[in-house]
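Structure file data_22.cif; described as mmCIF, C-alpha atoms.
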data_target
loop_
_atom_site.label_atom_id
_atom_site.label_comp_id
_atom_site.auth_asym_id
_atom_site.auth_seq_id
_atom_site.Cartn_x
_atom_site.Cartn_y
_atom_site.Cartn_z
CA MET F 1 12.07 74.41 -12.99
CA ALA F 2 8.91 72.60 -13.90
CA GLN F 3 7.91 69.61 -11.91
CA ILE F 4 8.93 66.40 -13.60
CA PHE F 5 6.10 64.37 -12.15
CA HIS F 6 2.56 65.54 -12.07
CA ARG F 7 0.80 65.40 -8.69
CA SER F 8 -1.38 62.56 -9.88
CA THR F 9 1.62 60.23 -9.93
CA ASN F 10 1.56 60.32 -6.11
CA THR F 11 -1.50 58.14 -6.25
CA ILE F 12 0.23 55.79 -8.62
CA SER F 13 3.29 55.51 -6.42
CA ARG F 14 1.18 54.89 -3.31
CA LEU F 15 -0.84 52.32 -5.19
CA SER F 16 2.27 50.63 -6.47
CA ILE F 17 3.79 50.38 -2.98
CA PHE F 18 0.72 48.61 -1.62
CA GLY F 19 0.06 46.86 -4.92
CA GLY F 20 3.61 45.49 -4.96
CA ILE F 21 3.21 43.95 -1.53
CA PHE F 22 -0.12 42.43 -2.41
CA LEU F 23 1.25 41.21 -5.73
CA VAL F 24 4.15 39.42 -4.05
CA ALA F 25 1.95 38.01 -1.28
CA GLY F 26 -0.60 37.00 -3.86
CA LEU F 27 1.99 35.23 -5.98
CA ILE F 28 3.33 33.34 -2.98
CA GLY F 29 -0.22 32.45 -1.97
CA LEU F 30 -1.02 31.33 -5.50
CA PHE F 31 2.07 29.17 -5.55
CA ALA F 32 1.16 27.60 -2.21
CA VAL F 33 -2.36 26.88 -3.40
CA LEU F 34 -1.23 25.49 -6.76
CA ASP F 35 1.42 23.36 -5.05
CA ARG F 36 -1.20 21.72 -2.85
CA SER F 37 -3.86 21.51 -5.54
CA SER F 38 -4.84 18.19 -6.99
CA TYR F 39 -3.52 19.46 -10.32
CA ASN F 40 -0.04 19.17 -8.81
CA THR F 41 -0.48 16.32 -6.32
CA GLY F 42 -2.89 14.13 -8.28
CA VAL F 43 -5.23 13.69 -5.30
CA GLY F 44 -8.57 12.29 -6.39
CA VAL F 45 -7.46 11.82 -9.98
CA VAL F 46 -8.24 8.41 -11.47
CA LEU F 47 -5.59 7.19 -13.88
CA ALA F 48 -6.33 4.84 -16.76
CA GLN F 49 -5.41 1.22 -15.98
CA PRO F 50 -4.94 -1.58 -18.51
CA ILE F 51 -7.56 -3.68 -16.71
CA PRO F 52 -10.46 -2.11 -14.79
CA PHE F 53 -9.44 -3.83 -11.55
CA SER F 54 -11.84 -2.82 -8.80
CA HIS F 55 -10.68 -2.67 -5.18
CA ASP F 56 -14.24 -1.96 -4.19
CA HIS F 57 -15.37 -5.26 -5.66
CA HIS F 58 -12.50 -7.45 -4.49
CA THR F 59 -12.07 -6.11 -0.95
CA ALA F 60 -15.46 -4.83 0.22
CA ALA F 61 -17.76 -7.17 -1.70
CA LEU F 62 -15.61 -10.32 -1.71
CA GLY F 63 -13.79 -9.72 1.57
CA ILE F 64 -10.30 -10.47 0.25
CA SER F 65 -7.63 -9.07 2.57
CA CYS F 66 -5.09 -6.57 1.23
CA VAL F 67 -2.28 -9.01 2.11
CA TYR F 68 -3.67 -11.67 -0.24
CA CYS F 69 -2.43 -9.52 -3.12
CA HIS F 70 0.01 -7.06 -1.50
CA THR F 71 1.91 -9.87 0.17
CA SER F 72 5.08 -8.04 1.14
CA VAL F 73 3.43 -5.02 2.78
CA GLU F 74 4.04 -6.32 6.32
CA ASP F 75 7.72 -7.03 6.14
CA SER F 76 9.30 -4.96 3.42
CA ALA F 77 9.57 -1.44 2.07
CA PHE F 78 7.62 -2.26 -1.06
CA ALA F 79 3.98 -3.28 -0.69
CA GLY F 80 4.09 -5.43 -3.81
CA ILE F 81 1.77 -5.55 -6.80
CA PRO F 82 0.38 -9.06 -7.31
CA PRO F 83 1.79 -11.15 -10.18
CA THR F 84 -0.64 -12.37 -12.82
CA ALA F 85 -0.59 -15.80 -11.20
CA THR F 86 -2.36 -14.35 -8.15
CA CYS F 87 -5.29 -13.18 -10.28
CA MET F 88 -5.40 -16.62 -11.87
CA ASN F 89 -5.84 -18.28 -8.46
CA CYS F 90 -9.49 -17.28 -8.82
CA HIS F 91 -9.88 -16.24 -12.43
CA ASN F 92 -8.86 -19.67 -13.72
CA LEU F 93 -12.48 -20.61 -12.93
CA ILE F 94 -14.30 -17.33 -12.30
CA TRP F 95 -15.14 -15.07 -15.22
CA ASN F 96 -12.59 -17.04 -17.21
CA GLN F 97 -14.26 -16.10 -20.49
CA SER F 98 -14.83 -12.43 -19.68
CA PRO F 99 -13.32 -10.04 -22.23
CA MET F 100 -12.56 -7.70 -19.33
CA LEU F 101 -9.97 -10.21 -18.16
CA ALA F 102 -8.54 -11.02 -21.57
CA ALA F 103 -5.36 -9.09 -20.77
CA VAL F 104 -4.85 -11.13 -17.59
CA ARG F 105 -5.12 -14.44 -19.43
CA GLU F 106 -2.88 -13.13 -22.19
CA SER F 107 -0.24 -12.14 -19.66
CA TYR F 108 -0.52 -15.51 -17.90
CA ARG F 109 -0.04 -17.36 -21.16
CA THR F 110 2.84 -15.33 -22.54
CA GLY F 111 4.62 -14.25 -19.36
CA GLU F 112 4.44 -10.66 -20.54
CA PRO F 113 3.86 -8.45 -17.44
CA ILE F 114 0.66 -6.42 -17.07
CA ARG F 115 1.63 -2.73 -17.17
CA TRP F 116 -0.31 -1.05 -14.36
CA THR F 117 -0.09 2.71 -14.10
CA ARG F 118 1.54 3.82 -10.86
CA VAL F 119 -0.70 5.96 -8.73
CA HIS F 120 1.43 6.63 -5.64
CA ASP F 121 4.99 7.50 -6.49
CA LEU F 122 7.31 9.35 -4.16
CA PRO F 123 10.33 11.10 -5.63
CA ASP F 124 13.40 8.85 -5.65
CA TYR F 125 15.17 10.96 -3.04
CA VAL F 126 12.65 9.97 -0.38
CA TYR F 127 12.94 6.73 1.54
CA PHE F 128 9.64 5.14 2.46
CA ASN F 129 8.98 1.80 4.10
CA HIS F 130 5.63 0.05 4.51
CA GLY F 131 6.87 -2.55 7.00
CA ILE F 132 7.61 -0.10 9.82
CA HIS F 133 4.26 1.67 9.45
CA VAL F 134 2.27 -1.56 9.54
CA ALA F 135 4.32 -2.88 12.48
CA LYS F 136 3.78 0.33 14.47
CA GLY F 137 0.03 0.39 13.93
CA ILE F 138 -0.63 2.78 11.03
CA GLY F 139 -3.53 1.47 8.95
CA CYS F 140 -3.66 1.44 5.15
CA GLU F 141 -6.63 3.80 5.39
CA SER F 142 -4.56 6.56 7.04
CA CYS F 143 -2.49 6.94 3.89
CA HIS F 144 -4.55 5.44 1.09
CA GLY F 145 -8.07 6.40 2.17
CA ARG F 146 -11.18 4.26 1.71
CA VAL F 147 -9.66 1.88 -0.82
CA ASP F 148 -12.63 -0.42 -0.26
CA LEU F 149 -14.90 2.19 -1.86
CA MET F 150 -12.75 2.84 -4.92
CA PRO F 151 -13.69 1.18 -8.19
CA LEU F 152 -10.35 2.41 -9.53
CA ILE F 153 -7.55 3.35 -7.18
CA MET F 154 -6.68 7.01 -6.67
CA LYS F 155 -4.62 9.10 -4.29
CA THR F 156 -6.41 10.59 -1.31
CA GLU F 157 -3.35 12.26 0.25
CA SER F 158 -0.82 14.64 -1.28
CA LEU F 159 2.20 12.53 -0.17
CA GLN F 160 4.01 15.82 0.29
CA MET F 161 6.60 16.27 2.99
CA GLU F 162 4.31 18.37 5.16
CA TRP F 163 1.81 15.52 5.15
CA CYS F 164 4.37 12.94 6.29
CA LEU F 165 5.62 15.32 8.98
CA ASP F 166 2.13 16.12 10.14
CA CYS F 167 1.74 12.53 11.26
CA HIS F 168 5.34 11.99 12.35
CA ARG F 169 4.98 14.95 14.72
CA GLN F 170 1.79 13.65 16.31
CA PRO F 171 1.14 10.03 15.42
CA GLU F 172 -1.26 9.59 18.36
CA SER F 173 -4.25 10.72 16.31
CA ARG F 174 -3.71 8.02 13.65
CA VAL F 175 -2.25 5.01 15.44
CA ARG F 176 -4.44 1.89 15.69
CA PRO F 177 -4.36 -1.45 17.47
CA LEU F 178 -2.44 -3.96 15.33
CA SER F 179 -5.62 -5.95 14.70
CA GLU F 180 -7.21 -2.99 12.88
CA ILE F 181 -4.50 -2.23 10.29
CA TYR F 182 -6.59 -3.45 7.36
CA THR F 183 -9.94 -2.28 8.72
CA MET F 184 -11.61 0.46 6.72
CA GLY F 185 -13.64 3.11 8.53
CA TRP F 186 -12.06 2.45 11.93
CA ARG F 187 -12.55 5.06 14.66
CA PRO F 188 -10.72 5.22 18.00
CA GLU F 189 -12.83 3.85 20.83
CA HIS F 190 -11.91 6.60 23.26
CA ALA F 191 -9.91 9.80 23.27
CA ASP F 192 -6.76 8.67 25.07
CA GLN F 193 -6.43 5.41 23.15
CA GLY F 194 -3.80 6.92 20.84
CA THR F 195 -1.53 7.97 23.67
CA ARG F 196 -1.69 4.49 25.18
CA LEU F 197 -1.00 2.80 21.84
CA ILE F 198 2.03 5.06 21.32
CA ALA F 199 3.52 3.63 24.50
CA GLU F 200 2.42 0.09 23.66
CA HIS F 201 3.95 0.11 20.16
CA ASP F 202 7.00 2.06 21.35
CA ILE F 203 6.55 4.83 18.79
CA ASN F 204 8.97 7.73 18.66
CA SER F 205 8.36 10.93 16.79
CA LYS F 206 10.75 10.70 13.80
CA VAL F 207 11.31 14.11 12.23
CA SER F 208 15.04 14.35 11.57
CA CYS F 209 15.80 14.83 7.88
CA SER F 210 17.78 11.62 7.65
CA THR F 211 14.71 9.54 8.51
CA CYS F 212 13.34 10.05 5.02
CA HIS F 213 16.28 11.48 3.08
CA ARG F 214 19.04 8.93 3.45
CA MET V 30 10.98 44.22 -23.15
CA ARG V 31 12.62 45.34 -19.94
CA THR V 32 15.24 42.69 -20.11
CA ASP V 33 16.31 44.02 -23.47
CA ARG V 34 16.96 47.35 -21.91
CA ILE V 35 19.30 45.90 -19.34
CA GLU V 36 21.49 44.56 -22.05
CA THR V 37 21.75 47.80 -23.95
CA VAL V 38 22.29 50.00 -20.90
CA PRO V 39 24.53 48.10 -18.48
CA LEU V 40 23.69 48.60 -14.86
CA GLY V 41 25.88 51.09 -13.06
CA SER V 42 27.12 52.71 -16.24
CA ARG V 43 27.55 56.42 -15.85
CA GLN V 44 28.00 57.18 -19.50
CA ALA V 45 24.76 59.13 -19.62
CA GLY V 46 26.22 61.52 -17.06
CA ARG V 47 22.84 63.06 -16.44
CA ALA V 48 22.50 64.44 -12.95
CA GLY V 49 19.40 64.82 -10.78
CA ALA V 50 16.28 62.91 -9.84
CA ALA V 51 15.49 61.69 -13.32
CA ALA V 52 18.68 59.67 -13.55
CA THR V 53 18.23 58.00 -10.16
CA ALA V 54 14.65 57.20 -10.97
CA GLY V 55 15.80 55.69 -14.24
CA ARG V 56 18.43 53.57 -12.43
CA ARG V 57 15.82 52.28 -10.06
CA LEU V 58 13.62 51.39 -12.94
CA ARG V 59 16.49 49.41 -14.39
CA ILE V 60 17.23 47.62 -11.11
CA ALA V 61 13.65 46.43 -10.88
CA PRO V 62 13.83 44.00 -13.81
CA VAL V 63 17.15 42.64 -12.58
CA ALA V 64 15.68 42.04 -9.15
CA LEU V 65 12.72 40.40 -10.83
CA LEU V 66 15.08 38.18 -12.81
CA ILE V 67 17.03 37.17 -9.72
CA GLY V 68 13.78 36.55 -7.90
CA VAL V 69 12.02 34.55 -10.58
CA VAL V 70 14.63 32.63 -12.54
CA PRO V 71 15.71 30.36 -9.64
CA TRP V 72 12.05 29.35 -9.22
CA LEU V 73 11.84 28.37 -12.84
CA VAL V 74 15.13 26.48 -12.66
CA GLY V 75 13.80 24.81 -9.51
CA CYS V 76 11.07 23.25 -11.59
CA ARG V 77 13.48 20.76 -13.12
CA GLN V 78 12.67 17.47 -11.45
CA ASP V 79 15.77 15.42 -12.21
CA MET V 80 16.03 14.09 -8.67
CA HIS V 81 12.49 12.76 -8.77
CA ASP V 82 13.46 10.02 -11.12
CA GLN V 83 17.02 9.03 -10.49
CA PRO V 84 18.95 6.63 -12.70
CA ARG V 85 18.05 3.55 -10.68
CA TYR V 86 15.10 1.20 -10.79
CA GLU V 87 12.46 0.76 -8.15
CA PRO V 88 10.83 -2.66 -7.74
CA LEU V 89 8.72 -3.57 -10.80
CA GLU V 90 9.68 -0.35 -12.61
CA ALA V 91 9.42 -0.37 -16.40
CA SER V 92 12.48 -0.17 -18.61
CA SER V 93 12.90 0.06 -22.33
CA PHE V 94 16.13 -1.95 -22.17
CA PHE V 95 14.65 -5.44 -22.22
CA ASP V 96 12.11 -6.81 -24.65
CA ASN V 97 9.38 -7.48 -22.14
CA GLY V 98 9.56 -3.92 -20.78
CA ALA V 99 10.47 -4.86 -17.21
CA ALA V 100 13.63 -3.62 -15.49
CA SER V 101 14.14 -6.88 -13.57
CA ARG V 102 14.97 -10.09 -15.35
CA PRO V 103 12.90 -13.18 -14.63
CA LEU V 104 14.78 -15.77 -12.59
CA ILE V 105 16.55 -18.45 -14.58
CA GLU V 106 14.99 -21.80 -13.89
CA GLY V 107 16.68 -23.53 -11.01
CA THR V 108 17.86 -20.31 -9.36
CA VAL V 109 18.19 -20.69 -5.62
CA ALA V 110 17.92 -17.51 -3.57
CA ARG V 111 20.03 -17.22 -0.44
CA GLY V 112 18.33 -19.05 2.38
CA HIS V 113 15.99 -20.91 0.01
CA LEU V 114 18.05 -23.98 -0.75
CA GLY V 115 15.22 -26.18 0.48
CA GLU V 116 17.52 -28.98 1.65
CA ASP V 117 14.90 -30.12 4.11
CA VAL V 118 12.37 -31.38 1.57
CA GLY V 119 9.95 -32.50 4.26
CA PHE V 120 9.86 -29.02 5.80
CA GLU V 121 9.50 -27.25 2.45
CA THR V 122 6.86 -29.46 0.82
CA GLY V 123 5.27 -31.65 3.47
CA LEU V 124 6.49 -34.78 1.69
CA ASP V 125 9.81 -36.38 2.62
CA GLU V 126 12.48 -37.67 0.20
CA ASN V 127 10.49 -40.83 -0.46
CA GLY V 128 7.30 -38.92 -1.15
CA ALA V 129 5.69 -39.99 2.12
CA VAL V 130 3.51 -37.48 3.98
CA VAL V 131 5.31 -35.94 6.96
CA ALA V 132 3.33 -36.97 10.00
CA ASP V 133 4.63 -34.59 12.64
CA PHE V 134 5.20 -30.89 12.95
CA PRO V 135 8.87 -29.92 12.59
CA MET V 136 8.36 -27.22 15.23
CA ALA V 137 6.66 -26.88 18.59
CA VAL V 138 2.93 -26.30 18.21
CA ASP V 139 2.14 -23.50 20.61
CA LEU V 140 -0.27 -20.60 20.81
CA VAL V 141 2.08 -18.33 18.86
CA LEU V 142 2.14 -20.76 15.93
CA LEU V 143 -1.64 -21.16 16.03
CA GLU V 144 -2.19 -17.40 16.09
CA ARG V 145 0.09 -16.99 13.10
CA GLY V 146 -1.73 -19.85 11.40
CA ARG V 147 -5.12 -18.27 12.03
CA ASN V 148 -3.93 -14.96 10.64
CA ARG V 149 -2.54 -16.52 7.44
CA TYR V 150 -5.51 -18.87 7.07
CA ASP V 151 -7.98 -16.00 7.25
CA VAL V 152 -6.05 -14.08 4.61
CA PHE V 153 -5.19 -16.79 2.10
CA CYS V 154 -7.60 -19.69 2.60
CA SER V 155 -10.86 -18.26 3.96
CA PRO V 156 -11.93 -16.66 0.63
CA CYS V 157 -12.69 -20.21 -0.57
CA HIS V 158 -12.57 -22.57 2.41
CA ASP V 159 -14.35 -20.02 4.65
CA ARG V 160 -13.34 -19.24 8.19
CA LEU V 161 -14.71 -22.47 9.59
CA GLY V 162 -13.21 -24.72 6.93
CA ASN V 163 -16.57 -25.77 5.44
CA GLY V 164 -15.51 -24.94 1.91
CA ARG V 165 -18.24 -22.37 1.29
CA GLY V 166 -16.27 -19.15 1.22
CA MET V 167 -17.29 -16.05 -0.67
CA ILE V 168 -15.43 -16.97 -3.87
CA VAL V 169 -17.10 -20.37 -3.91
CA ARG V 170 -20.46 -18.69 -3.50
CA ARG V 171 -19.61 -16.58 -6.55
CA GLY V 172 -19.14 -19.71 -8.60
CA TYR V 173 -15.75 -21.22 -7.77
CA LYS V 174 -15.48 -25.00 -7.43
CA GLN V 175 -16.48 -26.08 -3.92
CA PRO V 176 -13.64 -27.81 -2.06
CA THR V 177 -14.19 -30.67 0.36
CA SER V 178 -14.89 -29.50 3.91
CA PHE V 179 -11.92 -29.78 6.27
CA HIS V 180 -14.31 -31.59 8.62
CA ASP V 181 -14.72 -34.43 6.16
CA PRO V 182 -13.49 -37.64 7.91
CA ARG V 183 -10.86 -38.21 5.20
CA LEU V 184 -9.29 -34.82 5.89
CA VAL V 185 -9.64 -35.12 9.66
CA GLU V 186 -7.46 -38.22 9.37
CA ALA V 187 -4.92 -36.41 7.18
CA ARG V 188 -1.46 -35.69 8.60
CA PRO V 189 -0.17 -32.08 8.73
CA GLY V 190 2.27 -32.78 5.87
CA TYR V 191 -0.72 -33.41 3.60
CA PHE V 192 -1.98 -29.83 4.03
CA VAL V 193 1.51 -28.41 3.63
CA ASN V 194 1.88 -30.34 0.41
CA VAL V 195 -1.42 -29.02 -0.99
CA MET V 196 -0.34 -25.46 -0.15
CA THR V 197 3.07 -26.01 -1.75
CA ASN V 198 2.03 -27.79 -4.93
CA GLY V 199 -1.65 -26.99 -5.34
CA PHE V 200 -4.41 -29.58 -5.63
CA GLY V 201 -6.65 -30.08 -8.65
CA GLN V 202 -8.12 -26.68 -9.45
CA MET V 203 -6.54 -25.03 -6.45
CA SER V 204 -3.29 -23.21 -7.28
CA SER V 205 -0.09 -23.40 -5.31
CA TYR V 206 0.13 -20.94 -2.41
CA ALA V 207 3.91 -21.29 -2.19
CA PRO V 208 4.55 -17.82 -3.66
CA GLN V 209 2.38 -16.23 -0.96
CA LEU V 210 3.24 -18.41 2.05
CA LYS V 211 6.72 -19.15 3.36
CA PRO V 212 7.31 -22.78 4.44
CA ALA V 213 7.09 -21.93 8.15
CA ASP V 214 3.76 -20.19 7.55
CA ARG V 215 2.43 -23.23 5.68
CA TRP V 216 3.06 -25.35 8.78
CA ALA V 217 1.36 -22.70 10.91
CA VAL V 218 -1.71 -22.86 8.65
CA ALA V 219 -1.68 -26.67 8.80
CA ALA V 220 -1.65 -26.44 12.60
CA TYR V 221 -4.56 -24.02 12.54
CA ILE V 222 -6.57 -26.28 10.20
CA GLN V 223 -6.07 -29.11 12.67
CA ALA V 224 -7.23 -26.81 15.46
CA LEU V 225 -10.35 -26.01 13.41
CA GLN V 226 -10.98 -29.71 12.93
CA LEU V 227 -10.51 -30.38 16.62
CA SER V 228 -12.96 -27.61 17.48
CA ARG V 229 -15.78 -29.83 16.19
CA ARG V 230 -14.78 -33.00 18.04
CA VAL V 231 -13.30 -32.06 21.39
CA PRO V 232 -13.96 -34.79 23.96
CA ALA V 233 -16.05 -33.23 26.73
CA ASP V 234 -13.55 -34.07 29.45
CA LEU V 235 -10.90 -31.88 27.75
CA LEU V 236 -13.07 -28.82 28.27
CA SER V 237 -12.70 -26.42 31.15
CA GLY V 238 -15.16 -26.74 34.01
CA GLU V 239 -16.86 -23.53 32.97
CA ASP V 240 -17.50 -24.75 29.43
CA ARG V 241 -18.78 -28.10 30.66
CA ALA V 242 -21.21 -26.36 32.98
CA TRP V 243 -22.36 -24.23 30.07
CA LEU V 244 -22.83 -27.38 27.94
CA ALA V 245 -24.88 -29.03 30.65
CA GLY V 246 -27.10 -25.95 30.96
CA GLU V 247 -30.42 -25.22 29.36
CA PRO V 248 -30.37 -26.29 25.72
CA THR V 249 -32.34 -23.18 24.74
CA GLU V 250 -29.39 -21.04 25.84
CA VAL V 251 -27.00 -22.59 23.35
CA PRO V 252 -26.27 -19.87 20.86
CA GLN V 253 -25.99 -20.77 17.21
CA PRO V 254 -22.40 -21.02 16.07
CA GLU V 255 -21.30 -17.91 14.23
CA SER V 256 -22.60 -17.89 10.70
CA ASP V 257 -20.73 -20.02 8.19
CA ASP V 258 -19.86 -16.87 6.39
CA GLY V 259 -16.37 -16.88 4.98
CA GLY V 260 -16.11 -13.22 4.16
CA HIS V 261 -14.78 -10.76 6.62
CA SER V 262 -15.96 -7.27 6.91
#

Go ahead and render the structure in this file as structure tokens.
Amino acid sequence: MAQIFHRSTNTISRLSIFGGIFLVAGLIGLFAVLDRSSYNTGVGVVLAQPIPFSHDHHTAALGISCVYCHTSVEDSAFAGIPPTATCMNCHNLIWNQSPMLAAVRESYRTGEPIRWTRVHDLPDYVYFNHGIHVAKGIGCESCHGRVDLMPLIMKTESLQMEWCLDCHRQPESRVRPLSEIYTMGWRPEHADQGTRLIAEHDINSKVSCSTCHR
Amino acid sequence: MRTDRIETVPLGSRQAGRAGAAATAGRRLRIAPVALLIGVVPWLVGCRQDMHDQPRYEPLEASSFFDNGAASRPLIEGTVARGHLGEDVGFETGLDENGAVVADFPMAVDLVLLERGRNRYDVFCSPCHDRLGNGRGMIVRRGYKQPTSFHDPRLVEARPGYFVNVMTNGFGQMSSYAPQLKPADRWAVAAYIQALQLSRRVPADLLSGEDRAWLAGEPTEVPQPESDDGGHS
């Protein structure tokens, strides 16, 4: 009986065995890369905002503290986006004719809210709370990057679960003294400072699922 | 293409009845697409993101339900939130029922209160009044109206309730800071302003021995007070 397969198919079958493995590994790798890419996570992507509000200008150049606008960041889950009235504290007199701020004045007059585009948005099945992080010495910079250098706000971290866990497993590399929460560009003074602060702020490593999925 | 074939030749069917290697090879070839289906379809289904945006509203979330596009309704005028009844008018506004300025602090003035006051003052007042209370903060230097210095004799004489009232109701061009500062924090800021004022007129005999010795020392050693700069870095 004649051979069904020609000898040359041996090469094909060997190739396909190895090729299959590499294909599967490659696909998994591709998925992992795509999942972490800024295409998926939005890291470094600037979204259009109704008013070109510059954090760079207001925090670094004018020295306004984050809390002036994000008033509830210290004691609640939600950091808070300032109401139009907060902008008008200054812009009633400063740049009060500027067309750039026309939308702010319009909103102040009519009571119609300004519709900012959300930049950081966790899925609804995740529980996050700003208050605890600020109280335990995690600075804004650790999660939002150098906001003081951003003309328009953008994400600097993926906000994926592995990122949260990375810090929850070893917070000692990120924890700061409570006086430095709002400081940008802070560096630890010495190597074992983190370990001491962990004890001082009574920080526990929180990695059980119910911490964030409740 | 392959998926079509699965439908026409059901898996495991022996109707072909062909024996030998060819048949087994063919079966394997048919299993492959099924395995691929089982392997890939759940991933595609997993891409539905229903749980990302659940049928509830986060703070400030948009909604198409109401005309102004916000999910939360504005408060009806006169609404009193729990714990915000404001029965104690003097404590809330700095002016008592008769409109007279409250002259004394309703709480003990201690270091904790002053520290809190300093913290809130630096955040909410220093952009205009600057850290020393001179009224030449960064926003003023960018063209805002210059307020009177807190070291002006008129304001040095002012009672704490006066400052609390300005924070609660605003003053001239200055807006109300009531939305940003809780009543207790307003008193803390008032206490800190009075501490700032005192810092310029402490009688020498209230100072510690060390400070008095330093004052009596060489005049050339007296460092300039920190710059009047209101901005923080």

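Among the candidates V:Val152, V:Val130, V:Ala207, V:Val195, the one nearest to chain F when counting all atoms listed in the file is V:Val152.
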
Best match for closeness to Asp151 (chain V) among V:Leu225, V:Leu244, V:Ala132, V:Val169, counting all atoms listed in the file: V:Leu225

If you count all atoms listed in the file, the residue of F:Asn89, F:Ser54, F:Phe22, F:Leu30 closest to Gly201 (chain V) turns out to be F:Asn89

Expand the PyMOL selection byres ((chain V) within 10 of (chain F)) into the explicit residue set it covers here, and present it as a VMD selection string. chain V and resid 50 to 51 78 to 91 96 to 99 103 149 151 to 157 166 to 174 202 to 206 208 to 210 259 to 262

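Note that CA of Val138 (chain V) and CA of Leu236 (chain V) are 19.1 Å apart.
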
With all atoms listed in the file as the basis for distance, which of V:Phe120, V:Phe200, V:Trp243, V:Tyr191 is at the shortest distance from Gln223 (chain V)? V:Tyr191

Go through V:Glu186, V:Glu126, V:Asp117, V:Asp139 and flag the residue nearest Tyr221 (chain V), using all atoms listed in the file for the distances. V:Asp139

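We find CA of Asn148 (chain V) and CA of Val218 (chain V) to be spaced 8.4 Å apart.
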
Please, what distance in Å, to one decimal, runs between CA of Ser107 (chain F) and CA of Arg111 (chain V)?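 These two atoms are separated by 28.4 Å.
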
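Comparing V:Ala242, V:Val131, V:Leu142, V:Ala217 by their smallest distance to Arg188 (chain V), the closest is V:Val131 (using all atoms listed in the file).
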
Assuming the chain letters and numbering stay as they are in my file, what does the PyMOL selection byres ((chain V and resi 224) around 12) actually select? List them as a list of chain:residue names. V:Val138, V:Asp139, V:Leu140, V:Leu142, V:Leu143, V:Glu144, V:Gly146, V:Arg147, V:Tyr150, V:Leu161, V:Gly162, V:Phe179, V:His180, V:Val185, V:Pro189, V:Ala217, V:Val218, V:Ala219, V:Ala220, V:Tyr221, V:Ile222, V:Gln223, V:Leu225, V:Gln226, V:Leu227, V:Ser228, V:Arg229, V:Arg230, V:Val231

Applied to the shown file, which residues does the PyMOL selection byres ((chain F and resi 36) around 12) return, written as a list in words?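 Checked against the file, the PyMOL selection byres ((chain F and resi 36) around 12) matches Gly29, Leu30, Phe31, Ala32, Val33, Leu34, Asp35, Ser37, Ser38, Tyr39, Asn40, Thr41, Gly42, Val43, Glu157, Ser158, Leu159, Gln160, Met161, Glu162 and Trp163 of chain F.
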
Would you list the contacts of region 137-154 of chain F as a PDB file with C-alpha atoms, in the coordinates of the input, taking every protein, DNA or RNA residue within 9 Å and counting only C-alpha atoms, but skipping same-chain residues closer than 6 positions in sequence?
ATOM      1  CA  GLY F  42      -2.890  14.130  -8.280  1.00  0.00           C
ATOM      2  CA  VAL F  43      -5.230  13.690  -5.300  1.00  0.00           C
ATOM      3  CA  GLY F  44      -8.570  12.290  -6.390  1.00  0.00           C
ATOM      4  CA  VAL F  45      -7.460  11.820  -9.980  1.00  0.00           C
ATOM      5  CA  VAL F  46      -8.240   8.410 -11.470  1.00  0.00           C
ATOM      6  CA  LEU F  47      -5.590   7.190 -13.880  1.00  0.00           C
ATOM      7  CA  ALA F  48      -6.330   4.840 -16.760  1.00  0.00           C
ATOM      8  CA  GLN F  49      -5.410   1.220 -15.980  1.00  0.00           C
ATOM      9  CA  PRO F  52     -10.460  -2.110 -14.790  1.00  0.00           C
ATOM     10  CA  PHE F  53      -9.440  -3.830 -11.550  1.00  0.00           C
ATOM     11  CA  SER F  54     -11.840  -2.820  -8.800  1.00  0.00           C
ATOM     12  CA  HIS F  55     -10.680  -2.670  -5.180  1.00  0.00           C
ATOM     13  CA  ASP F  56     -14.240  -1.960  -4.190  1.00  0.00           C
ATOM     14  CA  HIS F  57     -15.370  -5.260  -5.660  1.00  0.00           C
ATOM     15  CA  HIS F  58     -12.500  -7.450  -4.490  1.00  0.00           C
ATOM     16  CA  THR F  59     -12.070  -6.110  -0.950  1.00  0.00           C
ATOM     17  CA  ALA F  60     -15.460  -4.830   0.220  1.00  0.00           C
ATOM     18  CA  ALA F  61     -17.760  -7.170  -1.700  1.00  0.00           C
ATOM     19  CA  VAL F 119      -0.700   5.960  -8.730  1.00  0.00           C
ATOM     20  CA  HIS F 120       1.430   6.630  -5.640  1.00  0.00           C
ATOM     21  CA  PRO F 171       1.140  10.030  15.420  1.00  0.00           C
ATOM     22  CA  ARG F 174      -3.710   8.020  13.650  1.00  0.00           C
ATOM     23  CA  VAL F 175      -2.250   5.010  15.440  1.00  0.00           C
ATOM     24  CA  ARG F 176      -4.440   1.890  15.690  1.00  0.00           C
ATOM     25  CA  PRO F 177      -4.360  -1.450  17.470  1.00  0.00           C
ATOM     26  CA  LEU F 178      -2.440  -3.960  15.330  1.00  0.00           C
ATOM     27  CA  SER F 179      -5.620  -5.950  14.700  1.00  0.00           C
ATOM     28  CA  GLU F 180      -7.210  -2.990  12.880  1.00  0.00           C
ATOM     29  CA  ILE F 181      -4.500  -2.230  10.290  1.00  0.00           C
ATOM     30  CA  TYR F 182      -6.590  -3.450   7.360  1.00  0.00           C
ATOM     31  CA  THR F 183      -9.940  -2.280   8.720  1.00  0.00           C
ATOM     32  CA  MET F 184     -11.610   0.460   6.720  1.00  0.00           C
ATOM     33  CA  GLY F 185     -13.640   3.110   8.530  1.00  0.00           C
ATOM     34  CA  TRP F 186     -12.060   2.450  11.930  1.00  0.00           C
ATOM     35  CA  LEU F 197      -1.000   2.800  21.840  1.00  0.00           C
ATOM     36  CA  ILE F 198       2.030   5.060  21.320  1.00  0.00           C
ATOM     37  CA  HIS F 201       3.950   0.110  20.160  1.00  0.00           C
TER      38      HIS F 201
END
